[in-house]
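Next up, work_28.csv (CSV, C-alpha atoms):
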chain,number,residue,atom,x,y,z
A,1,MET,CA,0.0,0.0,0.0
A,2,LYS,CA,1.3,3.5,-0.9
A,3,ILE,CA,0.1,7.0,-0.2
A,4,THR,CA,-1.2,8.6,-3.4
A,5,GLN,CA,-3.3,11.5,-2.2
A,6,VAL,CA,-2.7,14.3,0.3
A,7,GLU,CA,-5.5,16.9,0.5
A,8,VAL,CA,-6.6,19.8,2.6
A,9,HIS,CA,-10.3,20.4,3.1
A,10,ARG,CA,-11.3,23.8,4.4
A,11,ILE,CA,-14.0,23.9,7.1
A,12,GLU,CA,-15.7,26.7,8.9
A,13,VAL,CA,-14.9,26.8,12.7
A,14,PRO,CA,-17.8,28.6,14.4
A,15,ALA,CA,-17.2,31.2,17.1
A,16,ALA,CA,-17.9,30.1,20.7
A,17,ASN,CA,-21.4,31.1,21.9
A,18,PRO,CA,-21.1,32.8,24.3
A,19,PRO,CA,-17.5,34.0,23.7
A,20,PHE,CA,-15.1,33.4,26.5
A,21,ARG,CA,-11.7,34.7,27.6
A,22,TRP,CA,-8.5,33.5,29.2
A,23,ARG,CA,-6.3,35.3,31.7
A,24,ASP,CA,-5.3,39.0,31.3
A,25,GLY,CA,-2.8,39.4,28.4
A,26,LEU,CA,-4.1,36.5,26.3
A,27,SER,CA,-6.6,36.5,23.5
A,28,GLY,CA,-10.1,35.1,24.2
A,29,SER,CA,-12.1,32.7,22.1
A,30,ALA,CA,-11.6,33.1,18.3
A,31,PRO,CA,-14.2,34.5,15.9
A,32,VAL,CA,-15.5,32.4,13.0
A,33,GLY,CA,-12.5,31.1,11.2
A,34,ASP,CA,-11.2,28.7,8.5
A,35,GLY,CA,-10.2,25.4,9.9
A,36,ALA,CA,-8.9,22.4,7.9
A,37,VAL,CA,-8.9,18.7,7.7
A,38,LEU,CA,-5.8,16.8,6.4
A,39,ARG,CA,-6.9,13.8,4.3
A,40,ILE,CA,-4.4,11.1,3.3
A,41,GLY,CA,-5.4,8.5,0.7
A,42,THR,CA,-3.8,5.4,-0.8
A,43,ASP,CA,-3.7,3.3,-3.9
A,44,GLU,CA,-5.8,0.6,-2.2
A,45,GLY,CA,-8.6,3.0,-1.1
A,46,ALA,CA,-7.6,3.3,2.6
A,47,GLU,CA,-7.8,6.8,4.0
A,48,GLY,CA,-7.3,8.8,7.2
A,49,VAL,CA,-8.0,12.3,8.4
A,50,ALA,CA,-6.8,14.8,11.0
A,51,LEU,CA,-8.5,17.9,12.2
A,52,PHE,CA,-6.7,21.3,12.5
A,53,ALA,CA,-9.1,23.8,13.9
A,54,ARG,CA,-7.0,26.6,15.2
A,55,PRO,CA,-7.4,30.2,13.8
A,56,GLY,CA,-5.7,30.4,10.4
A,57,ALA,CA,-5.4,26.7,10.2
A,58,ALA,CA,-6.6,26.3,6.6
A,59,ALA,CA,-4.1,28.7,5.0
A,60,THR,CA,-1.2,27.3,7.2
A,61,LEU,CA,-1.9,23.7,6.4
A,62,GLN,CA,-2.6,24.3,2.7
A,63,ASP,CA,0.8,26.0,2.4
A,64,LEU,CA,2.6,23.2,4.3
A,65,VAL,CA,1.0,20.5,2.2
A,66,ASP,CA,1.7,22.2,-1.1
A,67,ARG,CA,5.2,23.2,-0.2
A,68,VAL,CA,6.5,20.4,2.0
A,69,PHE,CA,4.2,17.5,3.1
A,70,ARG,CA,2.7,16.2,-0.2
A,71,GLU,CA,6.1,15.7,-1.8
A,72,GLU,CA,7.4,13.9,1.3
A,73,LEU,CA,4.3,11.6,1.6
A,74,ILE,CA,3.4,10.5,-1.9
A,75,GLY,CA,4.7,7.0,-2.5
A,76,GLN,CA,5.4,6.2,1.2
A,77,ASP,CA,3.9,3.3,3.0
A,78,PRO,CA,1.2,4.6,5.3
A,79,PHE,CA,1.9,1.9,7.9
A,80,GLN,CA,5.5,3.2,8.4
A,81,ARG,CA,4.2,5.7,10.9
A,82,GLU,CA,7.4,5.6,13.0
A,83,TRP,CA,9.6,6.5,10.0
A,84,LEU,CA,7.3,9.2,8.9
A,85,TRP,CA,7.1,10.7,12.5
A,86,HIS,CA,10.9,11.0,12.5
A,87,ARG,CA,10.8,12.5,9.0
A,88,VAL,CA,8.4,15.3,10.2
A,89,TRP,CA,10.9,16.2,12.9
A,90,GLU,CA,13.7,16.3,10.3
A,91,LEU,CA,11.6,18.7,8.2
A,92,ASP,CA,11.0,20.8,11.3
A,93,ARG,CA,14.7,21.5,11.6
A,94,ILE,CA,14.6,23.6,8.4
A,95,HIS,CA,11.0,24.7,8.1
A,96,GLU,CA,10.3,25.5,11.8
A,97,LEU,CA,6.8,23.9,11.6
A,98,PRO,CA,4.1,25.4,13.9
A,99,LEU,CA,3.9,23.2,16.9
A,100,PRO,CA,0.3,22.0,16.4
A,101,THR,CA,1.2,20.8,12.8
A,102,LEU,CA,3.9,18.4,13.9
A,103,GLY,CA,1.4,15.7,14.7
A,104,LEU,CA,-1.2,16.1,12.0
A,105,ILE,CA,0.3,13.5,9.6
A,106,ASP,CA,0.7,11.1,12.5
A,107,ILE,CA,-2.9,11.4,13.6
A,108,ALA,CA,-4.2,10.9,10.0
A,109,LEU,CA,-2.0,7.8,9.6
A,110,TRP,CA,-3.3,6.3,12.9
A,111,ASP,CA,-6.8,7.1,11.8
A,112,LEU,CA,-6.1,5.3,8.5
A,113,ALA,CA,-4.7,2.2,10.3
A,114,GLY,CA,-7.8,2.0,12.6
A,115,ARG,CA,-10.1,2.1,9.6
A,116,VAL,CA,-8.1,-0.6,7.8
A,117,TYR,CA,-8.1,-2.9,10.8
A,118,GLU,CA,-11.7,-1.8,11.8
A,119,GLN,CA,-10.6,-0.9,15.3
A,120,PRO,CA,-10.7,2.3,17.4
A,121,VAL,CA,-7.1,3.7,17.7
A,122,TRP,CA,-7.1,3.3,21.5
A,123,GLN,CA,-7.3,-0.4,21.0
A,124,LEU,CA,-4.5,-0.4,18.4
A,125,LEU,CA,-2.4,1.4,21.0
A,126,GLY,CA,-2.9,-1.5,23.3
A,127,GLY,CA,-5.8,-0.3,25.4
A,128,PHE,CA,-5.8,0.2,29.1
A,129,ARG,CA,-9.3,1.3,30.2
A,130,GLU,CA,-12.8,1.7,28.8
A,131,ALA,CA,-13.8,4.7,30.9
A,132,ILE,CA,-12.1,7.6,32.7
A,133,PRO,CA,-13.4,10.4,35.1
A,134,ALA,CA,-13.6,13.9,33.7
A,135,TYR,CA,-12.7,17.2,35.4
A,136,ALA,CA,-14.1,20.6,34.5
A,137,SER,CA,-11.4,22.9,33.1
A,138,THR,CA,-12.7,26.4,33.3
A,139,SER,CA,-12.1,29.4,31.1
A,140,THR,CA,-11.6,32.7,33.0
A,141,PHE,CA,-14.7,34.3,34.6
A,142,ALA,CA,-15.2,37.8,35.9
A,143,THR,CA,-15.5,37.3,39.6
A,144,THR,CA,-14.8,34.8,42.4
A,145,GLU,CA,-18.6,34.4,42.8
A,146,GLU,CA,-18.9,33.3,39.2
A,147,PHE,CA,-16.1,30.8,39.6
A,148,LEU,CA,-17.8,29.3,42.7
A,149,ASP,CA,-21.2,29.1,41.0
A,150,VAL,CA,-19.7,27.4,38.0
A,151,ALA,CA,-17.9,24.9,40.3
A,152,ASP,CA,-21.3,24.1,42.0
A,153,GLN,CA,-22.9,23.5,38.6
A,154,CYS,CA,-20.0,21.3,37.4
A,155,LEU,CA,-20.1,19.1,40.5
A,156,ALA,CA,-23.9,18.8,40.2
A,157,LEU,CA,-23.5,17.7,36.6
A,158,GLY,CA,-21.1,14.9,37.7
A,159,TYR,CA,-17.7,16.3,37.1
A,160,ILE,CA,-15.3,14.9,39.7
A,161,GLY,CA,-13.0,17.9,40.0
A,162,ILE,CA,-12.3,21.5,38.9
A,163,LYS,CA,-9.3,23.1,37.3
A,164,LEU,CA,-9.0,26.9,37.3
A,165,HIS,CA,-7.8,29.2,34.6
A,166,ALA,CA,-7.9,32.5,36.5
A,167,TRP,CA,-6.8,36.1,35.9
A,168,GLY,CA,-3.0,35.9,35.9
A,169,ASP,CA,-2.7,38.1,39.0
A,170,ALA,CA,-0.8,36.0,41.6
A,171,ARG,CA,-2.5,37.5,44.7
A,172,ARG,CA,-6.0,37.6,43.3
A,173,ASP,CA,-5.6,34.1,41.9
A,174,ALA,CA,-4.3,32.9,45.2
A,175,ALA,CA,-7.4,34.3,47.0
A,176,LEU,CA,-9.6,32.6,44.5
A,177,CYS,CA,-7.9,29.2,44.9
A,178,ARG,CA,-8.3,29.4,48.7
A,179,ALA,CA,-12.0,30.5,48.3
A,180,LEU,CA,-12.7,27.5,46.0
A,181,ARG,CA,-11.1,25.1,48.4
A,182,GLU,CA,-13.1,26.4,51.3
A,183,HIS,CA,-16.3,26.4,49.2
A,184,VAL,CA,-16.1,22.8,47.9
A,185,GLY,CA,-14.5,21.2,51.0
A,186,PRO,CA,-11.4,19.0,51.4
A,187,ASP,CA,-12.4,16.0,49.2
A,188,ILE,CA,-12.9,17.5,45.7
A,189,PRO,CA,-9.8,17.4,43.5
A,190,LEU,CA,-8.7,20.9,42.5
A,191,MET,CA,-6.1,22.0,40.0
A,192,TYR,CA,-4.7,25.3,38.9
A,193,ASP,CA,-3.4,26.3,35.4
A,194,GLY,CA,-1.4,29.5,35.2
A,195,SER,CA,-1.3,29.7,31.4
A,196,ALA,CA,2.3,30.8,31.7
A,197,GLY,CA,1.3,34.1,33.3
A,198,PHE,CA,4.0,34.5,36.0
A,199,ASP,CA,7.7,35.0,36.7
A,200,LEU,CA,9.4,32.9,39.4
A,201,PRO,CA,8.7,35.2,42.4
A,202,ASP,CA,4.9,35.3,41.6
A,203,ALA,CA,4.9,31.6,40.8
A,204,LEU,CA,6.4,30.9,44.2
A,205,TYR,CA,3.8,33.1,46.0
A,206,LEU,CA,0.9,31.4,44.2
A,207,GLY,CA,2.5,27.9,44.6
A,208,LYS,CA,2.6,28.4,48.4
A,209,ALA,CA,-1.1,29.2,48.5
A,210,LEU,CA,-1.9,26.1,46.4
A,211,SER,CA,0.2,24.0,48.7
A,212,GLU,CA,-1.8,25.2,51.7
A,213,ALA,CA,-5.1,24.6,49.9
A,214,ASP,CA,-4.1,21.1,49.0
A,215,TYR,CA,-4.4,21.4,45.2
A,216,LEU,CA,-3.7,18.2,43.3
A,217,TRP,CA,-1.4,19.9,40.7
A,218,TYR,CA,0.0,23.3,39.6
A,219,GLU,CA,0.3,23.6,35.9
A,220,GLU,CA,2.3,25.9,33.6
A,221,PRO,CA,2.7,28.9,35.9
A,222,MET,CA,5.7,30.2,33.8
A,223,ARG,CA,6.6,29.9,30.1
A,224,GLU,CA,8.4,26.6,29.7
A,225,PHE,CA,11.6,28.0,28.4
A,226,SER,CA,13.6,27.8,31.6
A,227,VAL,CA,13.8,24.3,33.1
A,228,SER,CA,16.0,25.7,35.9
A,229,ALA,CA,13.2,28.1,37.0
A,230,TYR,CA,10.8,25.2,37.2
A,231,ARG,CA,13.4,23.2,39.2
A,232,GLN,CA,13.7,26.1,41.7
A,233,LEU,CA,9.9,26.2,41.9
A,234,ALA,CA,9.6,22.5,42.6
A,235,GLU,CA,12.2,22.7,45.3
A,236,ARG,CA,10.4,25.5,47.2
A,237,VAL,CA,6.7,24.6,47.0
A,238,SER,CA,5.0,21.4,48.0
A,239,VAL,CA,2.1,21.5,45.5
A,240,PRO,CA,3.0,18.9,42.7
A,241,LEU,CA,4.0,20.4,39.4
A,242,LEU,CA,2.5,19.3,36.0
A,243,VAL,CA,4.8,20.6,33.3
A,244,ALA,CA,6.0,20.4,29.6
A,245,GLU,CA,2.7,21.2,27.9
A,246,THR,CA,3.8,23.8,25.3
A,247,SER,CA,7.6,23.3,25.2
A,248,ASP,CA,8.7,22.0,21.8
A,249,GLY,CA,10.4,18.6,21.5
A,250,ALA,CA,7.8,16.1,22.7
A,251,HIS,CA,9.4,13.5,25.0
A,252,MET,CA,12.8,14.9,24.3
A,253,ASN,CA,12.1,18.1,26.2
A,254,SER,CA,9.9,16.4,28.8
A,255,ALA,CA,12.9,14.3,29.7
A,256,ASP,CA,14.8,17.5,30.8
A,257,PHE,CA,12.0,18.6,33.1
A,258,ILE,CA,11.9,15.1,34.7
A,259,LYS,CA,15.7,14.9,35.0
A,260,ALA,CA,15.8,18.3,36.7
A,261,GLY,CA,13.2,17.2,39.3
A,262,ALA,CA,10.7,19.8,38.0
A,263,ALA,CA,7.9,17.3,37.1
A,264,THR,CA,6.8,16.5,40.7
A,265,PHE,CA,3.3,15.4,39.5
A,266,GLY,CA,4.1,14.6,35.9
A,267,VAL,CA,4.2,15.9,32.4
A,268,ARG,CA,1.6,16.8,29.8
A,269,ALA,CA,0.8,14.4,27.0
A,270,GLY,CA,-1.5,15.2,24.1
A,271,THR,CA,-1.7,15.0,20.4
A,272,THR,CA,-1.9,18.7,19.7
A,273,LEU,CA,1.4,19.8,21.2
A,274,ARG,CA,3.4,16.6,21.7
A,275,GLY,CA,3.7,15.5,18.1
A,276,GLY,CA,0.5,13.5,17.5
A,277,ILE,CA,-0.4,10.0,18.8
A,278,THR,CA,3.2,8.8,18.5
A,279,GLY,CA,4.8,11.7,20.4
A,280,ALA,CA,2.1,11.5,23.1
A,281,MET,CA,2.7,7.8,23.7
A,282,ARG,CA,6.5,8.4,23.8
A,283,THR,CA,5.9,11.0,26.5
A,284,ALA,CA,3.6,8.8,28.5
A,285,HIS,CA,6.1,5.9,28.5
A,286,LEU,CA,8.9,8.2,29.5
A,287,ALA,CA,6.9,9.5,32.4
A,288,ASP,CA,5.9,5.9,33.4
A,289,ALA,CA,9.5,4.9,33.6
A,290,PHE,CA,10.0,7.5,36.3
A,291,ARG,CA,6.7,6.6,38.0
A,292,LEU,CA,5.1,9.9,37.1
A,293,ARG,CA,1.8,10.8,35.5
A,294,ALA,CA,1.3,11.8,31.9
A,295,GLU,CA,-1.9,13.9,32.0
A,296,VAL,CA,-3.7,14.2,28.7
A,297,HIS,CA,-4.1,17.8,27.6
A,298,GLY,CA,-7.3,18.8,25.8
A,299,SER,CA,-10.7,17.3,25.0
A,300,ASP,CA,-10.6,16.7,21.3
A,301,ILE,CA,-11.2,13.2,19.9
A,302,PRO,CA,-7.5,12.1,19.4
A,303,ASN,CA,-6.9,12.9,23.1
A,304,HIS,CA,-10.1,10.9,24.0
A,305,HIS,CA,-8.4,7.9,22.5
A,306,LEU,CA,-5.2,8.6,24.3
A,307,CYS,CA,-7.0,8.7,27.7
A,308,MET,CA,-8.1,5.1,27.1
A,309,ALA,CA,-4.6,3.9,26.0
A,310,ILE,CA,-2.3,5.6,28.6
A,311,SER,CA,-2.0,3.8,31.9
A,312,ASN,CA,-0.5,6.8,33.8
A,313,THR,CA,-3.1,9.4,33.1
A,314,THR,CA,-5.8,10.3,35.7
A,315,TYR,CA,-8.5,12.3,34.1
A,316,TYR,CA,-10.1,13.5,30.9
A,317,GLU,CA,-10.0,17.3,30.6
A,318,SER,CA,-13.4,18.8,29.7
A,319,LEU,CA,-13.5,22.5,28.9
A,320,VAL,CA,-16.2,24.7,30.6
A,321,THR,CA,-16.4,28.1,29.1
A,322,SER,CA,-19.8,29.6,30.1
A,323,THR,CA,-21.3,30.6,33.5
A,324,THR,CA,-24.3,28.5,32.5
A,325,VAL,CA,-22.6,25.1,32.4
A,326,VAL,CA,-23.5,22.4,29.8
A,327,ARG,CA,-21.9,19.1,30.3
A,328,GLU,CA,-19.7,18.0,27.3
A,329,ARG,CA,-21.5,15.3,25.2
A,330,HIS,CA,-18.7,12.8,25.9
A,331,VAL,CA,-19.2,13.1,29.7
A,332,ASP,CA,-22.0,11.1,31.3
A,333,ALA,CA,-24.1,12.1,34.3
A,334,HIS,CA,-21.6,10.3,36.6
A,335,GLY,CA,-18.7,12.3,35.2
A,336,MET,CA,-17.3,9.4,33.2
A,337,VAL,CA,-16.0,9.4,29.6
A,338,HIS,CA,-16.3,6.1,27.8
A,339,ALA,CA,-14.1,4.7,25.1
A,340,PRO,CA,-14.9,5.4,21.5
A,341,SER,CA,-16.2,2.4,19.6
A,342,GLY,CA,-15.9,3.4,15.9
A,343,PRO,CA,-12.9,2.6,13.7
A,344,GLY,CA,-10.0,5.0,13.6
A,345,ILE,CA,-10.2,8.3,15.4
A,346,SER,CA,-13.1,10.2,13.8
A,347,LEU,CA,-13.9,13.9,13.3
A,348,PRO,CA,-16.0,15.7,15.9
A,349,LEU,CA,-19.7,16.5,15.2
A,350,ASP,CA,-19.1,20.2,15.9
A,351,PHE,CA,-18.4,21.4,12.3
A,352,SER,CA,-20.0,21.2,8.9
A,353,TYR,CA,-17.7,19.1,6.7
A,354,GLY,CA,-19.5,18.6,3.4
A,355,SER,CA,-20.4,15.2,1.9
A,356,GLU,CA,-16.8,14.2,1.1
A,357,LEU,CA,-15.9,14.0,4.8
A,358,GLN,CA,-19.1,12.6,6.3
A,359,ALA,CA,-17.7,9.0,6.4
A,360,PHE,CA,-15.1,10.2,8.9
A,361,VAL,CA,-17.4,12.0,11.3
A,362,GLU,CA,-18.1,10.4,14.7
A,363,GLN,CA,-21.4,8.7,15.3
A,364,PRO,CA,-23.4,10.2,18.3
A,365,ARG,CA,-24.0,7.7,21.1

Please, can you express the file's structure as structure tokens?
Amino acid sequence: MKITQVEVHRIEVPAANPPFRWRDGLSGSAPVGDGAVLRIGTDEGAEGVALFARPGAAATLQDLVDRVFREELIGQDPFQREWLWHRVWELDRIHELPLPTLGLIDIALWDLAGRVYEQPVWQLLGGFREAIPAYASTSTFATTEEFLDVADQCLALGYIGIKLHAWGDARRDAALCRALREHVGPDIPLMYDGSAGFDLPDALYLGKALSEADYLWYEEPMREFSVSAYRQLAERVSVPLLVAETSDGAHMNSADFIKAGAATFGVRAGTTLRGGITGAMRTAHLADAFRLRAEVHGSDIPNHHLCMAISNTTYYESLVTSTTVVRERHVDAHGMVHAPSGPGISLPLDFSYGSELQAFVEQPR
């Protein structure tokens, strides 16, 4: 079997309704934009797809396919995912590929394999579980009162825990984290994500508050450029650190955080920023060798499969962006997410794809 076709399909990515925001200094939810689906086909009719839904995705992916990817892929064996994964990283050395594009070919090839073998990808990866609990991962709301009300709604809907994305002000965020712990009591898992908003002094201040409030993990308080800054943070706060989410290099960079003693809870694993399925699995196995967690980042469908395949992940991350909470469709009333059953990976129901992509879209439960 050989790859004979590499196409980009433009799709419309609707704006969030209602729109939402992240911490001060970051953009909020995107307006309507052009997303893309990468579609890889073969001489024997086997096909696979990967979704790229970030703002500007269509133009970015079309350029990369026309200029780089198509020439590299045509004539290759689609089952040589390992070789092609390494090849993408070789191309990155010259082309400086955007981080979310490093795993798109890999995801499409795993999807193709699942469709050929008529198995969901989590089973091709070995399979570890058939269900996992979900936590609610908030966007940023205006007041402490809104955060507390959202937490109440999430817990009533079955979510087992809450992760905060707050304002990016160390003292205000610390007060919010203490208030949420007091509000929900000692038994609810709570996490905090700084979205890289702080320097080391402010990260230390907030980390001490999280330690006192018994938060499960402290995620990305600083940009992940300085492993030594994270090492100093790990040495001086007791709240466990979850690191290496946005740093380039997949497992290679995660290894440096672990070696430095900075990953005291674990590292992030996910298809979007860790080089697809293959890069995420490498990251998870690396962390497992050090008896650390590899928490899956993001709630898209490829990461849904990862959650079922990785032994050392704890939860599924489910984004909550409105003060009127609606439980994500993959999360049941008991806060559980169940393993996908269809072949391959599947495209989410959220977008209009056109008839040529309908065969790849997930089937609602």

- request: Check the smallest atom-to-atom distance from each of A:Val296, A:Ala359, A:Val6, A:Leu26 to A:Ser311 using only C-alpha atoms, then report the winner.
  value: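 Closest to A:Ser311 of all the choices is A:Val296.
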
Residue nearest A:Asp34 among A:Ala263, A:Phe351, A:Ala46, A:Tyr218 (counting all atoms listed in the file): A:Phe351

message: Env of A:Gln62: 10 Å cut, atoms = all atoms listed in the file, seq-sep filter 2 positions within chain, self excluded. Answer as a list in words.
response: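 Contacts, in chain order: Glu7, Val8, His9, Arg10, Ala36, Val37, Leu38, Ala57, Ala58, Ala59, Thr60, Leu64, Val65, Asp66, Arg67, Val68 and Phe69 of chain A.
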
- prompt: Which residue, A:Pro221, A:Pro240, A:Gly45, A:Gly126, has the smallest gap to A:Leu190 when you use all atoms listed in the file?
  reply: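 Result for the nearest residue to A:Leu190: A:Pro240.
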
field: Separation of atom CA of A:Leu148 from atom CA of A:Thr321, in Å and rounded to one decimal
entry: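 Between these atoms lies a distance of 13.7 Å.
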
field: Nearest candidate to A:Leu164 (options A:Arg23, A:His86, A:Arg54, A:His95; using only C-alpha atoms)
entry: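 Distance minimum relative to A:Leu164 lands on A:Arg23.
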
- request: Please provide the set of residues having any atom within 9 Å of A:Ile160, restricted to all atoms listed in the file, with same-chain residues fewer than 4 positions apart removed, written as a list in words.
  value: Pro133, Ala134, Tyr135, Ala136, Cys154, Leu155, Ile188, Pro189, His334, Gly335 and Met336 of chain A

- request: May I ask for the distance between atom CA of A:Gly279 and atom CA of A:Pro343, given in Å to one decimal place?
  value: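 The value is 21.0 Å.
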
field: Atomic separation - atom CA of A:Pro302 relative to atom CA of A:Asp111, Å
entry: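 Separating atom CA of A:Asp111 from atom CA of A:Pro302 is a distance of 9.1 Å.
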
Among the residues A:Ala287, A:Met308, A:Val243, A:Val227, the one that comes closest to A:Phe128 [using all atoms listed in the file]: A:Met308

Output, as lines of an AutoDock Vina configuration file, the centre and edge lengths in Å (one decimal) of the axis-aligned box that contains all listed atoms of stretch 60-63 of chain A with 3 Å of margin on each side.
center_x = -0.9
center_y = 25.5
center_z = 4.8
size_x = 9.4
size_y = 9.6
size_z = 10.8

message: Between A:Ser299, A:Thr283, A:Ser137, A:Thr143, which residue has the minimum interatomic distance to A:Arg172, considering all atoms listed in the file?
response: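 Among the listed residues, the smallest separation from A:Arg172 belongs to A:Thr143.
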
Using only C-alpha atoms and a cutoff of 8 Å, can you tell me which residues are near (2.2, 33.7, 31.2) in the file's coordinates, and write them out as a PDB file with C-alpha atoms, in the coordinates of the input?
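selection35.pdb was written with the following content:
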ATOM      1  CA  GLY A 168      -3.000  35.900  35.900  1.00  0.00           C
ATOM      2  CA  GLY A 194      -1.400  29.500  35.200  1.00  0.00           C
ATOM      3  CA  SER A 195      -1.300  29.700  31.400  1.00  0.00           C
ATOM      4  CA  ALA A 196       2.300  30.800  31.700  1.00  0.00           C
ATOM      5  CA  GLY A 197       1.300  34.100  33.300  1.00  0.00           C
ATOM      6  CA  PHE A 198       4.000  34.500  36.000  1.00  0.00           C
ATOM      7  CA  ASP A 199       7.700  35.000  36.700  1.00  0.00           C
ATOM      8  CA  PRO A 221       2.700  28.900  35.900  1.00  0.00           C
ATOM      9  CA  MET A 222       5.700  30.200  33.800  1.00  0.00           C
ATOM     10  CA  ARG A 223       6.600  29.900  30.100  1.00  0.00           C
TER      11      ARG A 223
END

- request: Would you list the contacts of A:Ala175 as a list in words, taking every protein, DNA or RNA residue within 12 Å and counting only C-alpha atoms, but skipping same-chain residues closer than 2 positions in sequence?
  value: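 Counting only the stated atoms, we get Thr143, Thr144, Glu145, Phe147, Ala166, Trp167, Asp169, Ala170, Arg171, Arg172, Asp173, Cys177, Arg178, Ala179, Leu180, Arg181, Glu182, Tyr205, Leu206, Lys208, Ala209, Leu210, Glu212 and Ala213 of chain A.
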
- request: Please return, as JSON, numbers by chain, all polymer residues that have at least one atom within 10 Å of the point (4.3, 7.6, 38.9); use all atoms listed in the file and the file's own coordinate frame.
  value: {"A": [264, 265, 266, 287, 288, 289, 290, 291, 292, 293, 294, 312, 313]}

Since we have the selection now, will you write its residues out, keeping C-alpha atoms, as a tab-separated table (two decimals), in the frame of the given file?
chain	number	residue	atom	x	y	z
A	264	THR	CA	6.80	16.50	40.70
A	265	PHE	CA	3.30	15.40	39.50
A	266	GLY	CA	4.10	14.60	35.90
A	287	ALA	CA	6.90	9.50	32.40
A	288	ASP	CA	5.90	5.90	33.40
A	289	ALA	CA	9.50	4.90	33.60
A	290	PHE	CA	10.00	7.50	36.30
A	291	ARG	CA	6.70	6.60	38.00
A	292	LEU	CA	5.10	9.90	37.10
A	293	ARG	CA	1.80	10.80	35.50
A	294	ALA	CA	1.30	11.80	31.90
A	312	ASN	CA	-0.50	6.80	33.80
A	313	THR	CA	-3.10	9.40	33.10

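For A:Asp350, the non-local neighbours within 9 Å, defined as residues at least 2 positions apart in the same chain or in other chains and counting all atoms listed in the file, are A:Val13, A:Pro14, A:Leu347, A:Pro348, A:Ser352.
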